[in-house]
Structure formats: structure tokens, C-alpha cells
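Participant: Below you'll find data.pdb; it's PDB, C-alpha atoms.
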```pdb
ATOM      1  CA  MET A   1     -23.620  22.723  36.374
ATOM      2  CA  MET A   2     -25.230  19.636  37.689
ATOM      3  CA  GLY A   3     -23.292  16.753  36.168
ATOM      4  CA  SER A   4     -22.918  18.300  32.705
ATOM      5  CA  ASN A   5     -19.120  18.488  32.944
ATOM      6  CA  ASN A   6     -18.716  15.057  34.492
ATOM      7  CA  PRO A   7     -16.577  12.959  32.103
ATOM      8  CA  SER A   8     -17.791   9.649  33.473
ATOM      9  CA  GLY A   9     -21.353  10.344  32.389
ATOM     10  CA  ALA A  10     -22.758   9.783  35.885
ATOM     11  CA  GLY A  11     -25.630  11.938  37.032
ATOM     12  CA  GLY A  12     -27.645  11.928  33.835
ATOM     13  CA  GLY A  13     -26.866  13.242  30.393
ATOM     14  CA  MET A  14     -27.787   9.947  28.709
ATOM     15  CA  ALA A  15     -31.215   9.404  27.273
ATOM     16  CA  PRO A  16     -33.042   6.236  28.234
ATOM     17  CA  GLY A  17     -32.254   3.338  25.928
ATOM     18  CA  MET A  18     -29.032   4.809  24.506
ATOM     19  CA  GLY A  19     -26.750   2.597  26.566
ATOM     20  CA  ALA A  20     -28.291  -0.642  25.325
ATOM     21  CA  GLY A  21     -27.888   0.245  21.650
ATOM     22  CA  SER A  22     -24.202   1.071  21.966
ATOM     23  CA  SER A  23     -23.422  -2.147  23.824
ATOM     24  CA  ASP A  24     -25.127  -4.190  21.087
ATOM     25  CA  GLY A  25     -22.971  -2.425  18.472
ATOM     26  CA  ARG A  26     -19.856  -3.126  20.515
ATOM     27  CA  HIS A  27     -20.862  -6.774  20.863
ATOM     28  CA  ASP A  28     -21.341  -7.046  17.088
ATOM     29  CA  ASP A  29     -17.918  -5.470  16.460
ATOM     30  CA  GLU A  30     -16.275  -7.890  18.871
ATOM     31  CA  ALA A  31     -18.006 -10.845  17.217
ATOM     32  CA  VAL A  32     -16.858  -9.746  13.754
ATOM     33  CA  LEU A  33     -13.301  -9.202  15.027
ATOM     34  CA  THR A  34     -13.239 -12.600  16.720
ATOM     35  CA  GLU A  35     -14.529 -14.279  13.556
ATOM     36  CA  PHE A  36     -11.923 -12.454  11.428
ATOM     37  CA  LEU A  37      -9.050 -13.395  13.733
ATOM     38  CA  SER A  38     -10.152 -17.031  13.773
ATOM     39  CA  SER A  39     -10.328 -17.037   9.959
ATOM     40  CA  LEU A  40      -6.658 -15.966   9.887
ATOM     41  CA  MET A  41      -5.722 -19.408  11.224
ATOM     42  CA  ASP A  42      -7.046 -21.010   8.011
ATOM     43  CA  TYR A  43      -5.330 -18.504   5.683
ATOM     44  CA  ASN A  44      -1.698 -18.900   4.641
ATOM     45  CA  PRO A  45      -0.270 -15.550   3.521
ATOM     46  CA  MET A  46       2.506 -15.295   0.932
ATOM     47  CA  ILE A  47       4.916 -14.022   3.605
ATOM     48  CA  PRO A  48       5.983 -16.875   5.915
ATOM     49  CA  ASP A  49       5.167 -16.597   9.618
ATOM     50  CA  GLU A  50       8.822 -17.099  10.533
ATOM     51  CA  LEU A  51       9.884 -14.097   8.460
ATOM     52  CA  VAL A  52       7.218 -11.885  10.025
ATOM     53  CA  GLU A  53       8.170 -13.077  13.518
ATOM     54  CA  HIS A  54      11.834 -12.366  12.767
ATOM     55  CA  TYR A  55      11.208  -8.762  11.750
ATOM     56  CA  LEU A  56       8.691  -8.199  14.526
ATOM     57  CA  GLY A  57      11.302  -9.506  16.974
ATOM     58  CA  ARG A  58      13.961  -7.215  15.528
ATOM     59  CA  SER A  59      11.670  -4.258  16.111
ATOM     60  CA  GLY A  60      11.127  -5.317  19.718
ATOM     61  CA  PHE A  61       7.647  -6.790  19.372
ATOM     62  CA  HIS A  62       7.228 -10.310  20.736
ATOM     63  CA  CYS A  63       3.781 -11.895  20.665
ATOM     64  CA  PRO A  64       3.054 -15.618  20.953
ATOM     65  CA  ASP A  65      -0.332 -15.225  19.211
ATOM     66  CA  LEU A  66      -0.048 -16.601  15.661
ATOM     67  CA  ARG A  67      -3.208 -14.754  14.621
ATOM     68  CA  LEU A  68      -1.532 -11.405  15.203
ATOM     69  CA  THR A  69       1.534 -12.505  13.239
ATOM     70  CA  ARG A  70      -0.702 -13.522  10.346
ATOM     71  CA  LEU A  71      -2.550 -10.208  10.556
ATOM     72  CA  VAL A  72       0.768  -8.362  10.136
ATOM     73  CA  ALA A  73       1.663 -10.697   7.247
ATOM     74  CA  VAL A  74      -1.651  -9.986   5.494
ATOM     75  CA  ALA A  75      -1.211  -6.220   5.967
ATOM     76  CA  THR A  76       2.331  -6.441   4.592
ATOM     77  CA  GLN A  77       1.161  -8.522   1.643
ATOM     78  CA  LYS A  78      -1.520  -5.926   0.857
ATOM     79  CA  PHE A  79       1.039  -3.108   1.087
ATOM     80  CA  ILE A  80       3.433  -4.856  -1.309
ATOM     81  CA  SER A  81       0.565  -5.732  -3.651
ATOM     82  CA  ASP A  82      -0.551  -2.080  -3.760
ATOM     83  CA  ILE A  83       2.983  -0.928  -4.573
ATOM     84  CA  ALA A  84       3.299  -3.504  -7.368
ATOM     85  CA  SER A  85      -0.104  -2.551  -8.787
ATOM     86  CA  ASP A  86       0.697   1.163  -8.709
ATOM     87  CA  SER A  87       4.053   0.635 -10.395
ATOM     88  CA  LEU A  88       2.405  -1.480 -13.125
ATOM     89  CA  GLN A  89      -0.172   1.248 -13.762
ATOM     90  CA  HIS A  90       2.597   3.853 -13.869
ATOM     91  CA  CYS A  91       4.564   1.742 -16.345
ATOM     92  CA  LYS A  92       1.517   1.264 -18.590
ATOM     93  CA  ALA A  93       0.771   4.982 -18.502
ATOM     94  CA  ARG A  94       4.364   5.813 -19.348
ATOM     95  CA  VAL A  95       4.378   3.397 -22.294
ATOM     96  CA  ALA A  96       1.055   4.727 -23.595
ATOM     97  CA  ALA A  97       2.138   8.377 -23.306
ATOM     98  CA  PRO A  98       3.235  10.166 -26.473
ATOM     99  CA  ILE A  99       6.972   9.937 -26.927
ATOM    100  CA  LYS A 100       8.920  13.166 -26.911
ATOM    101  CA  ASP A 101      11.793  12.200 -29.112
ATOM    102  CA  ASN A 102      14.651  14.620 -28.580
ATOM    103  CA  LYS A 103      17.030  12.389 -30.528
ATOM    104  CA  SER A 104      14.998  12.688 -33.715
ATOM    105  CA  LYS A 105      15.012  16.493 -33.394
ATOM    106  CA  GLN A 106      18.773  16.436 -32.900
ATOM    107  CA  LEU A 107      19.240  14.157 -35.904
ATOM    108  CA  LYS A 108      17.023  16.350 -38.082
ATOM    109  CA  SER A 109      19.014  19.445 -37.189
ATOM    110  CA  TYR A 110      22.272  17.552 -37.816
ATOM    111  CA  PHE A 111      21.118  16.432 -41.261
ATOM    112  CA  LEU A 112      19.931  19.937 -42.080
ATOM    113  CA  TRP A 113      23.369  21.224 -41.128
ATOM    114  CA  LEU A 114      24.980  18.593 -43.373
ATOM    115  CA  THR A 115      22.776  19.493 -46.314
ATOM    116  CA  ASP A 116      23.510  23.183 -45.822
ATOM    117  CA  ASP A 117      27.249  22.423 -45.869
ATOM    118  CA  MET A 118      26.840  20.409 -49.031
ATOM    119  CA  LEU A 119      25.114  23.321 -50.679
ATOM    120  CA  TYR A 120      28.097  25.577 -49.999
ATOM    121  CA  CYS A 121      30.645  23.165 -51.432
TER
END
```
As a first step, turn the structure in this file into C-alpha cells.

Facilitator:
Amino acid sequence: MMGSNNPSGAGGGMAPGMGAGSSDGRHDDEAVLTEFLSSLMDYNPMIPDELVEHYLGRSGFHCPDLRLTRLVAVATQKFISDIASDSLQHCKARVAAPIKDNKSKQLKSYFLWLTDDMLYC
């Protein structure tokens, strides 16, 4: 058991060249994240920053970084947009579905009853 159960990875267990590849991937991820967060400063979401800050504050989250507030606003906007889209699709499917008309069946049976009564008169 020479270093195989060591959680820190010291004492071997890593092939040569594996460490460099993972740090390049991490660097790329950080660069993409930094670029995305900086692009949030140019984007104005439909939900105002003040409203997002108000509800974040009510939940106990206080952050002076406007980029994070905008990120929450964009996520909220996407969530609301998905709900609206799903409800529109549900409405269209419900309208396009064949109508089961119980009233017409009730009216038909009522008129049949009336005609039967008229026959016996």
C-alpha cells in the first residue's frame, strides 16, 4: 500500500504529463467563465437589478457584485420563459385535441326522451 490510498495524490499514482493537461482545461474554463461574467455587464435582462437585489436580500444573500445579480436575473428570466413556453404548448395541444362533448350527449338523450314522450301522448 505504498501511496495508493493517499487522497492528496502524493507519492505517485499520476502518469507523466497528466497534470499539465488538466491545468490547461481548468485555465480554459476560467477564461470562458470570466468572459461570460464580463459579457453580463453589457446585457440588460428583463428583470431589473433592483428587484433581483431586493429578493436576494430578503433571502439573506447580499453580494455587491452586479455580475452575480445579473446572472441570477438571467437564470430567472430563462425559468419564467420556459414556464410560459410550456404553458403555450399545453394550451395549443389542448385546443387541438378532439373535444369530448358531454353536453351534446346529454342533449341528445334529453331530446330522445322528449320524442319518446311525444309518441306516448

Participant: What is the atom CA of Leu40 of chain A to atom CA of Arg67 of chain A distance in Å?

Facilitator: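 The value is 6.0 Å.
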
Participant: Can you tell me how far atom CA of Arg26 of chain A sits from atom CA of His62 of chain A, in Å to one decimal?

Facilitator: 28.0 Å

Participant: Got a sec to resolve the PyMOL selection byres ((chain A and resi 52) around 12) on this structure and send the residues as a ChimeraX atom specification?

Facilitator: /A:45-51,53-59,61-63,66-77

Participant: To one decimal in Å, tell me the separation between atom CA of Met41 of chain A and atom CA of Asp65 of chain A.

Facilitator: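 Atom CA of Met41 of chain A sits 10.5 Å away from atom CA of Asp65 of chain A.
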
Participant: Draw an axis-aligned box tight on the listed atoms of segment 50-59 of chain A, then pad every side by 4 Å and write out centre and edge lengths in Å to one decimal as lines of an AutoDock Vina configuration file.

Facilitator:
```
center_x = 10.6
center_y = -10.7
center_z = 12.7
size_x = 14.7
size_y = 20.8
size_z = 16.5
```
